[in-house]
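Structure data follow from protein32.txt (compact mmCIF, C-alpha atoms and all ligand atoms):
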# COMPACT_ATOMS: atom_id res chain seq x y z
CA MET A 1 51.31 77.45 -212.03
CA THR A 2 53.12 79.95 -209.89
CA ASN A 3 55.75 79.74 -207.22
CA ARG A 4 54.66 81.10 -203.89
CA HIS A 5 57.93 80.78 -202.03
CA PHE A 6 58.54 84.52 -201.82
CA CYS A 7 57.91 84.37 -198.08
CA LYS A 8 60.72 81.87 -197.62
CA PRO A 9 62.49 82.44 -194.27
CA ARG A 10 65.52 84.68 -194.62
CA HIS A 11 67.97 82.25 -193.03
CA LEU A 12 67.23 79.71 -195.73
CA ILE A 13 68.17 82.20 -198.44
CA LEU A 14 71.39 83.02 -196.61
CA THR A 15 72.16 79.35 -196.23
CA SER A 16 71.72 78.68 -199.92
CA THR A 17 73.91 81.66 -200.83
CA LEU A 18 76.58 80.38 -198.48
CA ALA A 19 76.26 76.91 -199.94
CA LEU A 20 76.90 78.30 -203.41
CA GLN A 21 80.02 80.05 -202.19
CA LEU A 22 81.26 76.90 -200.51
CA LEU A 23 80.70 74.91 -203.67
CA ALA A 24 82.73 77.57 -205.51
CA ILE A 25 80.18 77.87 -208.31
CA PRO A 26 81.45 80.58 -210.66
CA ALA A 27 79.85 83.91 -209.84
CA ALA A 28 78.59 84.35 -213.40
CA ASN A 29 76.67 81.09 -213.27
CA ALA A 30 75.17 81.86 -209.93
CA ALA A 31 74.07 85.32 -211.05
CA GLU A 32 72.77 84.03 -214.36
CA ASN A 33 70.78 81.08 -213.28
CA ILE A 34 69.40 81.76 -209.86
CA GLU A 35 66.77 84.45 -209.70
CA PRO A 36 65.23 85.26 -206.33
CA ASN A 37 61.71 83.99 -205.82
CA LEU A 38 58.82 86.23 -206.73
CA ASN A 39 58.13 88.98 -204.23
CA ALA A 40 54.62 90.12 -203.33
CA ASP A 41 54.62 92.93 -205.94
CA GLU A 42 55.63 90.54 -208.68
CA GLN A 43 53.06 88.01 -207.53
CA ALA A 44 50.41 90.71 -207.87
CA LEU A 45 51.50 91.30 -211.48
CA VAL A 46 51.30 87.59 -212.19
CA ASP A 47 47.87 87.26 -210.57
CA TRP A 48 46.40 90.18 -212.51
CA LEU A 49 46.72 88.44 -215.87
CA PRO A 50 44.75 85.13 -215.82
CA PRO A 51 41.34 86.87 -215.41
CA ARG A 52 42.18 88.84 -218.61
CA GLU A 53 42.63 85.76 -220.78
CA GLN A 54 39.29 86.06 -222.56
CA GLU A 55 39.94 89.74 -223.24
CA MET A 56 43.35 88.88 -224.67
CA VAL A 57 41.92 86.21 -226.97
CA GLU A 58 39.24 88.58 -228.22
CA LEU A 59 41.85 91.21 -228.97
CA LEU A 60 43.98 88.64 -230.79
CA GLU A 61 40.94 87.67 -232.86
CA GLN A 62 40.33 91.31 -233.84
CA LEU A 63 43.97 91.85 -234.76
CA THR A 64 44.07 88.59 -236.74
CA ILE A 65 40.99 89.27 -238.87
CA THR A 66 42.36 92.73 -239.67
CA ASN A 67 44.54 91.82 -242.61
CA SER A 68 47.95 93.47 -242.36
CA GLY A 69 50.02 91.88 -245.10
CA SER A 70 53.22 93.91 -245.56
CA MET A 71 51.88 95.53 -248.74
CA ASN A 72 48.46 96.31 -247.24
CA LYS A 73 49.14 99.84 -246.01
CA ALA A 74 45.57 100.44 -244.88
CA GLY A 75 45.48 97.24 -242.81
CA VAL A 76 48.86 97.89 -241.21
CA GLY A 77 47.65 101.42 -240.51
CA GLU A 78 44.62 100.09 -238.61
CA ILE A 79 46.85 97.96 -236.38
CA ALA A 80 49.10 100.98 -235.79
CA GLU A 81 46.14 103.14 -234.86
CA PHE A 82 44.95 100.61 -232.31
CA PHE A 83 48.35 100.35 -230.63
CA SER A 84 48.88 104.11 -230.69
CA ALA A 85 45.69 104.59 -228.71
CA GLU A 86 46.51 101.80 -226.24
CA LEU A 87 50.06 102.99 -225.65
CA ARG A 88 48.93 106.61 -225.19
CA GLN A 89 46.56 105.39 -222.49
CA LEU A 90 49.51 103.77 -220.77
CA GLY A 91 51.34 107.10 -220.71
CA PHE A 92 53.55 106.76 -223.79
CA GLY A 93 54.23 109.59 -226.20
CA VAL A 94 53.54 108.19 -229.67
CA THR A 95 55.08 109.32 -232.94
CA THR A 96 55.03 108.01 -236.48
CA LEU A 97 58.21 107.06 -238.30
CA PRO A 98 57.83 107.43 -242.05
CA GLY A 99 57.70 104.37 -244.30
CA GLU A 100 59.09 104.75 -247.80
CA ARG A 101 59.06 103.42 -251.31
CA ILE A 102 61.81 100.95 -252.11
CA ASP A 103 62.49 100.42 -255.79
CA MET A 104 63.85 97.16 -257.14
CA PRO A 105 64.75 96.19 -260.69
CA SER A 106 61.83 94.56 -262.49
CA CYS A 107 60.83 93.39 -265.95
CA PRO A 108 58.32 95.68 -267.70
CA GLY A 109 54.89 94.97 -266.26
CA SER A 110 56.05 93.30 -263.03
CA ASP A 111 56.65 96.25 -260.74
CA TYR A 112 58.41 94.84 -257.71
CA SER A 113 58.76 98.11 -255.86
CA ILE A 114 57.61 98.12 -252.26
CA ASP A 115 55.57 100.85 -250.65
CA VAL A 116 56.19 100.52 -246.92
CA ALA A 117 53.62 101.78 -244.40
CA ASP A 118 54.63 104.03 -241.49
CA HIS A 119 56.09 102.61 -238.29
CA LEU A 120 55.12 103.43 -234.73
CA LEU A 121 57.44 104.68 -232.01
CA ALA A 122 56.16 105.02 -228.45
CA THR A 123 58.43 106.42 -225.76
CA LYS A 124 58.16 106.88 -222.04
CA PRO A 125 60.98 108.57 -220.22
CA GLY A 126 61.76 107.13 -216.82
CA ASN A 127 64.53 105.94 -214.56
CA GLY A 128 66.69 102.88 -214.52
CA THR A 129 67.47 100.45 -217.30
CA ARG A 130 66.32 101.59 -220.74
CA LEU A 131 64.30 98.86 -222.44
CA LEU A 132 63.44 98.67 -226.13
CA LEU A 133 60.37 96.50 -226.83
CA MET A 134 59.89 95.53 -230.48
CA GLY A 135 57.29 93.91 -232.65
CA HIS A 136 56.06 93.91 -236.23
CA MET A 137 52.54 94.75 -237.30
CA ASP A 138 52.76 93.17 -240.75
CA THR A 139 52.21 89.54 -241.75
CA VAL A 140 53.15 87.53 -244.82
CA PHE A 141 49.48 87.14 -245.82
CA PRO A 142 48.15 89.57 -248.45
CA PRO A 143 44.44 90.43 -248.42
CA PHE A 144 43.80 87.97 -251.27
CA ALA A 145 45.39 84.97 -249.49
CA PRO A 146 42.80 82.26 -248.72
CA PHE A 147 43.95 82.00 -245.07
CA GLN A 148 42.21 84.93 -243.32
CA ASP A 149 40.04 83.52 -240.52
CA PHE A 150 40.52 83.15 -236.80
CA ARG A 151 39.47 79.85 -235.29
CA ARG A 152 39.67 78.43 -231.79
CA ASP A 153 39.70 74.74 -230.96
CA GLY A 154 40.25 74.07 -227.24
CA ASP A 155 43.64 75.47 -226.31
CA THR A 156 44.69 75.97 -229.94
CA ILE A 157 44.00 79.02 -232.05
CA TYR A 158 44.48 79.24 -235.79
CA GLY A 159 44.84 82.26 -238.01
CA PRO A 160 47.18 84.34 -240.17
CA GLY A 161 49.70 85.95 -237.86
CA VAL A 162 48.41 84.46 -234.57
CA ALA A 163 51.98 83.33 -233.81
CA ASP A 164 53.93 85.63 -236.14
CA MET A 165 53.31 87.89 -234.41
CA LYS A 166 49.96 89.31 -233.43
CA GLY A 167 49.92 86.97 -230.43
CA GLY A 168 53.24 88.51 -229.42
CA LEU A 169 51.81 92.02 -229.70
CA VAL A 170 49.01 91.01 -227.32
CA VAL A 171 51.57 89.52 -224.90
CA MET A 172 53.60 92.74 -224.96
CA LEU A 173 50.57 94.98 -224.47
CA TYR A 174 49.20 92.99 -221.54
CA ALA A 175 52.58 92.79 -219.81
CA LEU A 176 52.63 96.61 -219.98
CA LYS A 177 49.03 96.82 -218.80
CA ALA A 178 49.83 94.62 -215.81
CA LEU A 179 52.79 96.85 -214.94
CA ASP A 180 50.62 99.93 -215.36
CA GLU A 181 47.91 98.51 -213.14
CA ALA A 182 50.49 97.88 -210.42
CA GLY A 183 51.78 101.45 -210.72
CA ASP A 184 55.21 100.15 -211.84
CA LEU A 185 55.15 101.55 -215.36
CA ASP A 186 55.23 105.26 -214.39
CA ASP A 187 58.86 105.22 -213.49
CA MET A 188 60.19 102.91 -216.20
CA ALA A 189 62.22 103.99 -219.23
CA ILE A 190 60.53 102.00 -221.99
CA THR A 191 60.38 102.47 -225.75
CA VAL A 192 58.09 100.45 -228.01
CA LEU A 193 58.92 100.25 -231.70
CA LEU A 194 56.36 98.52 -233.94
CA ASN A 195 57.43 98.30 -237.57
CA SER A 196 55.39 97.55 -240.66
CA ASP A 197 57.94 95.81 -242.88
CA GLU A 198 59.59 93.03 -240.87
CA GLU A 199 58.28 90.32 -243.17
CA ILE A 200 59.94 91.92 -246.18
CA GLY A 201 63.23 92.38 -244.36
CA SER A 202 62.76 95.63 -242.39
CA LEU A 203 64.14 97.47 -245.42
CA SER A 204 62.61 100.77 -244.31
CA SER A 205 62.61 100.36 -240.51
CA ARG A 206 66.20 99.08 -240.15
CA LYS A 207 67.66 102.55 -239.63
CA PHE A 208 65.13 103.31 -236.87
CA LEU A 209 65.74 99.98 -235.14
CA GLU A 210 69.50 100.50 -235.19
CA GLN A 211 69.20 104.07 -233.98
CA GLN A 212 66.95 103.08 -231.05
CA ALA A 213 69.17 100.08 -230.24
CA ARG A 214 72.08 102.43 -229.57
CA GLU A 215 70.04 104.35 -227.02
CA HIS A 216 68.85 101.40 -224.90
CA ASP A 217 70.26 98.79 -222.54
CA TYR A 218 68.24 95.69 -223.46
CA GLY A 219 66.06 94.68 -226.41
CA LEU A 220 62.97 92.48 -226.14
CA VAL A 221 61.30 91.22 -229.33
CA TYR A 222 57.91 89.52 -229.27
CA GLU A 223 58.38 86.90 -231.97
CA SER A 224 56.88 83.51 -231.13
CA THR A 225 58.36 81.24 -228.48
CA GLY A 226 57.78 78.35 -230.90
CA THR A 227 57.36 75.18 -228.88
CA ASP A 228 58.18 76.99 -225.64
CA THR A 229 61.71 77.62 -226.77
CA LEU A 230 63.88 80.74 -226.70
CA VAL A 231 66.24 81.42 -229.60
CA ARG A 232 69.89 82.07 -228.78
CA GLU A 233 71.57 82.56 -232.16
CA ARG A 234 70.32 83.13 -235.69
CA LYS A 235 71.75 82.99 -239.18
CA GLY A 236 72.21 86.13 -241.23
CA LEU A 237 69.77 86.79 -244.06
CA GLY A 238 70.16 88.37 -247.44
CA GLN A 239 68.09 88.77 -250.57
CA ALA A 240 68.85 89.49 -254.19
CA ARG A 241 66.70 90.43 -257.14
CA PHE A 242 68.05 90.36 -260.63
CA VAL A 243 66.62 91.11 -264.03
CA VAL A 244 68.18 89.80 -267.23
CA ASN A 245 67.54 91.92 -270.30
CA GLY A 246 67.80 90.07 -273.63
CA VAL A 247 66.70 90.66 -277.19
CA ALA A 248 63.25 89.63 -278.41
CA SER A 249 62.95 87.87 -281.73
CA HIS A 250 60.67 85.47 -283.61
CA ALA A 251 61.33 81.96 -282.33
CA GLY A 252 60.93 80.53 -285.83
CA GLY A 253 61.72 83.25 -288.35
CA ALA A 254 64.73 84.92 -286.72
CA HIS A 255 65.85 82.67 -283.88
CA GLU A 256 69.54 83.48 -284.29
CA GLN A 257 68.88 87.21 -283.83
CA GLY A 258 67.36 86.73 -280.39
CA ARG A 259 69.14 86.71 -277.04
CA SER A 260 67.01 84.76 -274.58
CA ALA A 261 66.85 86.31 -271.13
CA ILE A 262 65.32 83.07 -269.85
CA LYS A 263 68.27 81.02 -271.12
CA GLU A 264 70.73 83.35 -269.38
CA LEU A 265 68.59 83.36 -266.24
CA ALA A 266 68.73 79.54 -266.21
CA TYR A 267 72.55 79.52 -266.29
CA LYS A 268 72.68 82.09 -263.52
CA ILE A 269 70.24 80.09 -261.39
CA VAL A 270 72.49 77.03 -261.56
CA GLU A 271 75.51 79.14 -260.52
CA ILE A 272 73.56 80.66 -257.64
CA GLU A 273 72.10 77.37 -256.41
CA ASN A 274 75.61 75.90 -256.41
CA MET A 275 76.60 78.42 -253.73
CA THR A 276 74.73 76.37 -251.11
CA ASP A 277 77.15 74.72 -248.71
CA TYR A 278 75.54 72.75 -245.89
CA GLU A 279 78.89 72.37 -244.16
CA THR A 280 79.36 76.07 -243.55
CA GLY A 281 75.60 76.62 -243.25
CA LEU A 282 75.39 79.01 -246.20
CA THR A 283 72.26 78.39 -248.25
CA VAL A 284 70.67 80.11 -251.23
CA ASN A 285 67.21 79.61 -252.66
CA VAL A 286 65.98 80.98 -255.95
CA GLY A 287 62.43 81.28 -254.70
CA VAL A 288 60.63 83.15 -257.47
CA VAL A 289 61.28 83.34 -261.22
CA SER A 290 59.33 84.78 -264.10
CA GLY A 291 59.98 85.97 -267.58
CA GLY A 292 59.17 85.88 -271.25
CA GLU A 293 56.29 87.18 -273.27
CA ALA A 294 55.07 84.36 -275.51
CA ARG A 295 55.91 80.76 -276.42
CA ASN A 296 57.11 81.78 -279.85
CA THR A 297 59.07 84.89 -278.79
CA ILE A 298 62.69 84.72 -277.63
CA ALA A 299 62.36 86.16 -274.12
CA PRO A 300 63.45 89.81 -273.86
CA CYS A 301 63.31 89.85 -270.05
CA ALA A 302 63.43 87.43 -267.13
CA GLU A 303 63.77 87.97 -263.39
CA ALA A 304 64.41 86.09 -260.16
CA PHE A 305 64.17 86.66 -256.42
CA VAL A 306 66.81 84.93 -254.28
CA ASP A 307 67.01 84.19 -250.56
CA LEU A 308 70.36 83.89 -248.77
CA ARG A 309 71.19 82.55 -245.26
CA TYR A 310 74.71 82.80 -243.90
CA PRO A 311 76.51 81.93 -240.65
CA THR A 312 78.96 84.83 -240.24
CA PRO A 313 79.23 88.40 -241.56
CA GLU A 314 82.25 87.28 -243.62
CA HIS A 315 80.20 84.58 -245.35
CA GLY A 316 77.54 87.18 -246.10
CA GLU A 317 80.06 89.52 -247.70
CA GLN A 318 81.58 86.68 -249.76
CA ALA A 319 78.12 85.68 -250.99
CA ARG A 320 77.38 89.26 -251.97
CA GLN A 321 80.57 89.34 -254.07
CA GLN A 322 79.68 86.00 -255.67
CA PHE A 323 76.24 87.33 -256.59
CA GLU A 324 77.80 90.41 -258.17
CA SER A 325 80.22 88.27 -260.13
CA ILE A 326 77.43 85.99 -261.42
CA PHE A 327 75.32 89.01 -262.39
CA SER A 328 78.18 90.65 -264.29
CA GLN A 329 78.99 87.60 -266.43
CA VAL A 330 77.20 86.26 -269.49
CA TYR A 331 77.06 82.46 -269.55
CA SER A 332 74.69 81.62 -272.36
CA TYR A 333 76.03 83.47 -275.42
CA PRO A 334 79.47 84.72 -276.49
CA VAL A 335 80.47 87.43 -274.04
CA ASP A 336 81.31 89.91 -276.77
CA SER A 337 77.75 89.98 -278.11
CA GLY A 338 77.08 92.76 -275.62
CA GLU A 339 73.35 92.35 -276.01
CA LEU A 340 72.53 90.76 -272.67
CA SER A 341 72.65 92.79 -269.50
CA THR A 342 71.67 92.26 -265.87
CA ASP A 343 70.25 94.76 -263.38
CA SER A 344 70.53 93.63 -259.80
CA TRP A 345 69.81 94.55 -256.20
CA VAL A 346 71.46 92.75 -253.28
CA ASN A 347 70.73 93.44 -249.64
CA LEU A 348 72.18 91.69 -246.56
CA HIS A 349 69.16 92.74 -244.56
CA ARG A 350 69.85 90.82 -241.33
CA PRO A 351 73.28 90.20 -239.87
CA PRO A 352 73.74 86.90 -238.03
CA LYS A 353 72.65 87.05 -234.40
CA ILE A 354 75.71 85.96 -232.48
CA ALA A 355 75.36 85.38 -228.74
CA THR A 356 77.30 87.60 -226.33
CA ALA A 357 77.82 87.29 -222.58
CA LYS A 358 75.11 89.92 -222.08
CA SER A 359 72.57 88.33 -224.41
CA ASP A 360 73.21 84.97 -222.73
CA TYR A 361 72.66 86.65 -219.38
CA LEU A 362 69.33 88.02 -220.62
CA LEU A 363 68.31 84.64 -221.99
CA GLU A 364 69.20 82.77 -218.81
CA LYS A 365 67.53 85.38 -216.64
CA THR A 366 64.35 84.92 -218.65
CA ARG A 367 64.50 81.13 -218.42
CA SER A 368 65.09 81.39 -214.70
CA ILE A 369 62.06 83.66 -214.22
CA GLY A 370 60.14 81.17 -216.38
CA ARG A 371 61.04 78.42 -213.92
CA LEU A 372 59.69 80.50 -211.03
CA LEU A 373 56.42 80.72 -212.99
CA GLY A 374 56.34 77.02 -213.82
CA GLN A 375 57.33 77.64 -217.45
CA GLU A 376 60.11 75.39 -218.68
CA LEU A 377 61.68 77.16 -221.65
CA GLY A 378 64.15 75.39 -223.94
CA VAL A 379 66.91 77.01 -226.00
CA THR A 380 67.59 76.62 -229.69
CA ASP A 381 69.33 78.28 -232.65
CA SER A 382 67.41 79.26 -235.75
CA GLY A 383 67.90 79.82 -239.46
CA GLY A 384 65.21 82.51 -239.40
CA GLY A 385 66.10 86.14 -238.73
CA THR A 386 64.28 88.80 -236.73
CA ASP A 387 64.70 92.47 -235.92
CA GLY A 388 66.61 91.25 -232.86
CA SER A 389 69.45 90.36 -235.22
CA LEU A 390 69.69 94.03 -236.24
CA THR A 391 69.66 95.41 -232.72
CA GLN A 392 72.06 92.82 -231.31
CA ALA A 393 74.50 93.52 -234.17
CA VAL A 394 74.78 97.16 -233.10
CA GLY A 395 75.45 96.15 -229.51
CA LEU A 396 72.05 95.90 -227.81
CA PRO A 397 71.72 92.59 -225.91
CA THR A 398 68.45 91.31 -227.35
CA LEU A 399 66.10 88.41 -226.69
CA ASP A 400 63.83 87.99 -229.66
CA SER A 401 61.40 85.17 -228.87
CA LEU A 402 59.19 86.38 -226.05
CA GLY A 403 55.82 86.09 -227.77
CA ILE A 404 53.05 83.49 -227.82
CA ALA A 405 53.96 79.81 -228.27
CA GLY A 406 53.09 78.79 -231.81
CA THR A 407 54.05 76.91 -234.95
CA GLY A 408 53.37 76.85 -238.68
CA ALA A 409 54.23 80.51 -239.29
CA HIS A 410 54.02 81.70 -242.92
CA SER A 411 51.63 78.86 -243.82
CA ASN A 412 47.92 78.11 -243.58
CA ARG A 413 48.79 75.82 -240.66
CA GLU A 414 49.79 78.75 -238.46
CA GLN A 415 48.58 78.14 -234.92
CA ALA A 416 49.30 79.08 -231.33
CA ARG A 417 48.72 77.76 -227.83
CA LEU A 418 46.08 79.97 -226.28
CA SER A 419 47.17 79.48 -222.66
CA SER A 420 50.63 80.79 -223.53
CA LEU A 421 49.15 84.29 -223.97
CA VAL A 422 48.80 84.66 -220.21
CA GLU A 423 51.98 82.71 -219.45
CA ARG A 424 54.19 84.85 -221.67
CA ALA A 425 52.59 88.09 -220.47
CA GLN A 426 53.37 87.00 -216.89
CA LEU A 427 56.92 86.16 -217.91
CA SER A 428 57.42 89.53 -219.59
CA ALA A 429 55.84 91.55 -216.82
CA VAL A 430 58.25 90.10 -214.24
CA LEU A 431 61.20 90.26 -216.64
CA ILE A 432 60.57 93.92 -217.49
CA ARG A 433 60.18 94.79 -213.84
CA ARG A 434 63.42 93.09 -212.85
CA LEU A 435 65.40 94.46 -215.79
CA SER A 436 64.16 97.96 -215.01
CA GLN A 437 65.53 97.68 -211.50
CA GLU A 438 69.02 96.55 -212.55
ZN ZN B 501 57.68 87.59 -237.22

Transcribe the structure of this file into C-alpha cells.
Amino acid sequence: MTNRHFCKPRHLILTSTLALQLLAIPAANAAENIEPNLNADEQALVDWLPPREQEMVELLEQLTITNSGSMNKAGVGEIAEFFSAELRQLGFGVTTLPGERIDMPSCPGSDYSIDVADHLLATKPGNGTRLLLMGHMDTVFPPFAPFQDFRRDGDTIYGPGVADMKGGLVVMLYALKALDEAGDLDDMAITVLLNSDEEIGSLSSRKFLEQQAREHDYGLVYESTGTDTLVRERKGLGQARFVVNGVASHAGGAHEQGRSAIKELAYKIVEIENMTDYETGLTVNVGVVSGGEARNTIAPCAEAFVDLRYPTPEHGEQARQQFESIFSQVYSYPVDSGELSTDSWVNLHRPPKIATAKSDYLLEKTRSIGRLLGQELGVTDSGGGTDGSLTQAVGLPTLDSLGIAGTGAHSNREQARLSSLVERAQLSAVLIRRLSQE
C-alpha cells in the first residue's frame, strides 16, 4: 500500500504547517514525526520494487543455501564475491578488509581459536550526507548443522539466515538498485561495509566499523525488523573464556595427589552465575563447558565459555573486574597449593546502544516514512547486540533493524515474511534518498 497524496494542493500543506505552529507543538516533534508525502521521484522508486519480488526471493534462496557459518571461510567468501560484483555494477569501488586469527585459551585438543574471513568495504564518493550501510555475511549455522534448506510456504520463508540477515542483505541491495535505476545513486556518498564475523562478536571487524563510523553521518544496519518493529536501545554484550589447569592423577590409586580442574571450574561457575541481577539487567550465562580426560582420571583441564549482557558501560566494566577476580582465585583446594591455575580471555565486544536525540530522530523519521508507505513499525528495546551498537557508541547515529521482518533467528525455526522484502526495500530507498538530501 502506498500513499499517493504527493500532489496535495499547496495551500493545504501551508494550512497544516500553520496549524502546527498555532498548536505550539514543539519544533523537534514536528520535525521528527511529520515527513512530507512522497514526491513523484520517490513514488517511482517505490513502484520499481514490487515487480522485482520474485527476483529478490530467488536471490535470497541462493544466498541461504550457500552456507556461510562464521567459521566457513569459503562460504563467507562466496557471499562476499557475489556482493562485490553487484556493488561494482552499481558504481562502488570495492576493497577487501583483512580478517585475522583470534587466539583464545583452550584445553589441549579443543582449539578454540577463530580464523575470521575477510570483510568487504564498498565506497562511492558523492555529495551530501555520508551514509554507512552495514550488514553481516556470516550466520550462526556451520556447514554440518542440520538446518540448511530454503523453503517457502505462502508468505513465509524458512531457512538458516533468512532473517539474520541474508534477507536484510537483499533488502539493502535492492534499495540501492532502485536508487541506481532512478539515477539517484550517482551523486550519493554511500559506504557499504559487510563483515564476516558479526555472529562471533565482530572481533576482527570492530576496528573497521568504528573507523568508518567516525567518517559518516548516519549508520543503517540491515538486521531483521522482527515483527515489524524497530529497535531503539540494546544491552551491551561481553564474552569470557576461561581454562582451568589442574593436576591429573589416578582417581583410585592417588586421588589426593590430583587437583581437579572440573571441581574448580564448578566453583567458578557458581560464582559467575551468581553475578546475574535481573533488577539491574545484568545477566551471565555459562553456555558451554567441557573438560576431563577419563572417568577414572582427576581432570587436568576444564574450560567454559560465558556470555554477558549489561545495561551500562559501568556495569560492563564492573563485570569484567568480577570475572578477573573469580579467575584469579582458587575456591576448591587450599590456595597455597599453587597447582591450579586459570587462563582467561574477556572481551566486552558490544557496548550498550543508548539512544541519543539524533538516533531517535533517525528512528522516528524512518517510522514516519513507513507510515507514508502503509507500514506501521513499532519500537522496542532488545537484549541482543548488533554492529549498530559499536557505531553508535563512537558517535554515529545508527538504526540497526532495517532488514526483512522475521523471527526465530539462531534456531531451526528461523523464518521471515516474504512480502516484507519489497516493503523494507521501499522503506530504505526513500529513507536513503531523504537522508542524502539533508
Ligand atoms: Zn544478525

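In this comparison, which uses all atoms listed in the file, the residue of A:Glu273, A:Glu86, A:Glu414, A:Glu210 approaching ligand ZN 501 (chain B) most closely is A:Glu414.
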
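Identified as lying at most 8 Å from ligand ZN 501 (chain B) when counting all atoms listed in the file are the residues A:Gly135, A:His136, A:Thr139, A:Ala163, A:Asp164, A:Met165, A:Glu198, A:Glu199, A:Glu223, A:Ser224, A:Thr386.
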
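The gap separating atom CA of A:Ala261 from atom CA of A:Gly246 is 4.6 Å, in Å to one decimal.
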
*A:Gly69 surroundings by all atoms listed in the file, 6 Å radius, close-in-sequence under 6 positions cut, as a PyMOL selection string*: chain A and resi 138-142

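Note that atom CA of A:Thr229 and atom CA of A:Glu376 are 8.5 Å apart.
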
*Just give me the gap between atom CA of A:Ser420 and atom CA of A:Thr64 in Å, one decimal is fine.*
16.7 Å

*asked:* For A:Glu339, find every residue with an atom within 12 Å (counting all atoms listed in the file), except residues of its own chain fewer than 4 positions away, and show them as a PyMOL selection string.
replied: chain A and resi 244-248+257-261+264+300-301+330+332-335

*Please identify all polymer residues within 8 Å of stretch 303-313 of chain A, counting all atoms listed in the file, omitting same-chain residues fewer than 4 positions from it, and present them as a list of chain:residue names.*
A:Ser106, A:Cys107, A:Lys235, A:Gly236, A:Leu237, A:Gly238, A:Gln239, A:Ala240, A:Arg241, A:Phe242, A:Val243, A:Val244, A:Leu265, A:Thr280, A:Gly281, A:Leu282, A:Thr283, A:Val284, A:Asn285, A:Val286, A:Gly287, A:Val288, A:Val289, A:Ser290, A:Gly291, A:Glu317, A:Pro351, A:Pro352, A:Gly383

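Using only C-alpha atoms, the nearest neighbour of A:Gly316 within the list A:His349, A:Arg232, A:His216, A:Lys263 is A:His349.
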
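Between A:Arg152 and the residues A:Leu348, A:Leu60, A:Lys73, A:Gly370, the shortest atom-to-atom distance, using only C-alpha atoms, involves A:Leu60.
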
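Each of A:Arg295, A:Arg234, A:Lys358, A:Arg371 was compared to A:Glu423 using all atoms listed in the file, and A:Arg371 turns out to be the nearest.
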
Could you build a table of the residues in stretch 327-436 of chain A lying no more than 8 Å from stretch 30-50 of chain A, giving for each the nearest pair of atoms and their separation in Å rounded to one decimal place, using all atoms listed in the file, ordered by chain and ascending residue number, as JSON lines?
{"residue": "A:Tyr361", "atom": "CA", "partner": "A:Glu32", "partner_atom": "CA", "distance": 5.7}
{"residue": "A:Glu364", "atom": "CA", "partner": "A:Glu32", "partner_atom": "CA", "distance": 5.8}
{"residue": "A:Lys365", "atom": "CA", "partner": "A:Glu32", "partner_atom": "CA", "distance": 5.9}
{"residue": "A:Ser368", "atom": "CA", "partner": "A:Asn33", "partner_atom": "CA", "distance": 5.9}
{"residue": "A:Ile369", "atom": "CA", "partner": "A:Glu35", "partner_atom": "CA", "distance": 6.6}
{"residue": "A:Leu372", "atom": "CA", "partner": "A:Asn37", "partner_atom": "CA", "distance": 6.6}
{"residue": "A:Val422", "atom": "CA", "partner": "A:Pro50", "partner_atom": "CA", "distance": 6.0}
{"residue": "A:Ala425", "atom": "CA", "partner": "A:Leu49", "partner_atom": "CA", "distance": 7.5}
{"residue": "A:Gln426", "atom": "CA", "partner": "A:Val46", "partner_atom": "CA", "distance": 5.2}
{"residue": "A:Ala429", "atom": "CA", "partner": "A:Leu45", "partner_atom": "CA", "distance": 6.9}
{"residue": "A:Val430", "atom": "CA", "partner": "A:Glu42", "partner_atom": "CA", "distance": 6.2}

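Distance check against A:Asp149 using only C-alpha atoms: of A:Val57, A:Val116, A:Gly374, A:Gln62, the minimum falls on A:Gln62.
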
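Here the question is which of A:Ala182, A:Val231, A:Ile269, A:Leu340 gets nearest to A:Thr380 using only C-alpha atoms, and that residue is A:Val231.
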